[in-house]
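Engineer: This is the structure, below, for whatever I ask next.
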Amino acid sequence: EDLRRAMEQSIRDAEEHERAAAAAVVPIPVEPPAGAPGAMTLAIRLPDGRRLRRRFASSDTLAGVFAWAASEGGAAVGAGRGGGGFRLVSSHPRRVFDQP
């Protein structure tokens, strides 16, 4: 009986975790056209040496940038920081941006 209750609780906990993760998904912003006012191009170098480049509007959030990097970077991004997520770093001036 105790084992059954523990298994049911484990299933409920896993379902709640999945619901919370689905609610936390941040949409990737629409890429503005080249030359659009307020548009900027970001380049990200991945740990495996690849580079990602994309335009963002100045009104886009950092969470949207992280969502795009995670979707495009694949395993190279997921492996960052020992599998515990990743961060973005600007080179000049040096600033570190952790995942929101």
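In the structure tokens, the first chain shown is A, the next is B, and so on; residue numbers restart at 1 for each chain, and ligands run from 1 in the order shown.
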Tell me which protein, DNA and RNA residues are within 7 Å of Ala63 of chain A, counting only C-alpha atoms, leaving out same-chain ones fewer than 2 positions away, and put them as a list in words.

Structural biologist: Val26, Thr61, Val65, Phe66, Ala67 and Pro100 of chain A

Engineer: Filtering to C-alpha atoms, could you give me those residues as a compact mmCIF listing (two decimals), in the first residue's frame?

Structural biologist:
```txt
# COMPACT_ATOMS: atom_id res chain seq x y z
CA VAL A 26 9.43 31.44 -23.80
CA THR A 61 13.76 40.29 -24.15
CA VAL A 65 17.48 35.47 -26.92
CA PHE A 66 18.13 32.55 -24.57
CA ALA A 67 15.19 30.63 -26.08
CA PRO A 100 16.42 34.42 -16.58
```

Engineer: So the first atom is atom CA of Ala70 of chain A and the second is atom CA of Gly38 of chain A; what is the distance between them in Å, to one decimal place?

Structural biologist: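 So the answer is 23.4 Å.
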
Engineer: Excluding same-chain residues fewer than 5 positions from segment 49-56 of chain A, what lies within 8 Å of it counting only C-alpha atoms, as a PyMOL selection string?

Structural biologist: chain A and resi 29-34+39-44+69+72-73

Engineer: Since we have the selection now, will you write its residues out, keeping C-alpha atoms, as a PDB file, in the first residue's frame?

Structural biologist:
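again_25.pdb was written with the following content:
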```pdb
ATOM      1  CA  PRO A  29      10.852  36.468 -31.119  1.00  0.00           C
ATOM      2  CA  VAL A  30      10.191  37.134 -34.795  1.00  0.00           C
ATOM      3  CA  GLU A  31      13.392  38.129 -36.592  1.00  0.00           C
ATOM      4  CA  PRO A  32      13.179  41.716 -37.901  1.00  0.00           C
ATOM      5  CA  PRO A  33      14.225  42.399 -41.488  1.00  0.00           C
ATOM      6  CA  ALA A  34      17.727  43.692 -42.220  1.00  0.00           C
ATOM      7  CA  ALA A  39      17.264  45.881 -35.124  1.00  0.00           C
ATOM      8  CA  MET A  40      20.595  44.486 -33.987  1.00  0.00           C
ATOM      9  CA  THR A  41      22.554  41.397 -34.948  1.00  0.00           C
ATOM     10  CA  LEU A  42      23.796  39.023 -32.274  1.00  0.00           C
ATOM     11  CA  ALA A  43      26.544  36.486 -32.880  1.00  0.00           C
ATOM     12  CA  ILE A  44      27.023  33.643 -30.444  1.00  0.00           C
ATOM     13  CA  ALA A  69      20.134  30.157 -28.554  1.00  0.00           C
ATOM     14  CA  GLU A  72      19.565  26.627 -32.415  1.00  0.00           C
ATOM     15  CA  GLY A  73      22.575  25.498 -30.413  1.00  0.00           C
TER      16      GLY A  73
END
```

Engineer: State, in Å with one decimal place, the distance from atom CA of Phe86 of chain A to atom CA of Gln99 of chain A.

Structural biologist: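 Taking atom CA of Phe86 of chain A and atom CA of Gln99 of chain A, their separation equals 6.9 Å.
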
Engineer: Using only C-alpha atoms, find the one residue out of A:Ile28, A:Pro47, A:Val96, A:Arg12 that sits nearest to Trp68 of chain A.

Structural biologist: A:Ile28

Engineer: Which one is closest to Leu62 of chain A: A:Arg87, A:Gly35, A:Arg94, A:Ile11? Count only C-alpha atoms.

Structural biologist: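 Among A:Arg87, A:Gly35, A:Arg94, A:Ile11, it is A:Arg87 that comes nearest to Leu62 of chain A.
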
Engineer: Select, from A:Arg5, A:Val89, A:Arg45, A:Pro37, the residue with the minimum atom-to-atom distance to Ser59 of chain A, counting only C-alpha atoms.

Structural biologist: A:Pro37

Engineer: Identify which of the residues A:Asp13, A:Gly64, A:Asp98, A:Asp2 lies closest to Val25 of chain A, counting only C-alpha atoms when measuring atom-to-atom distances.

Structural biologist: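 The closest residue to Val25 of chain A is A:Gly64.
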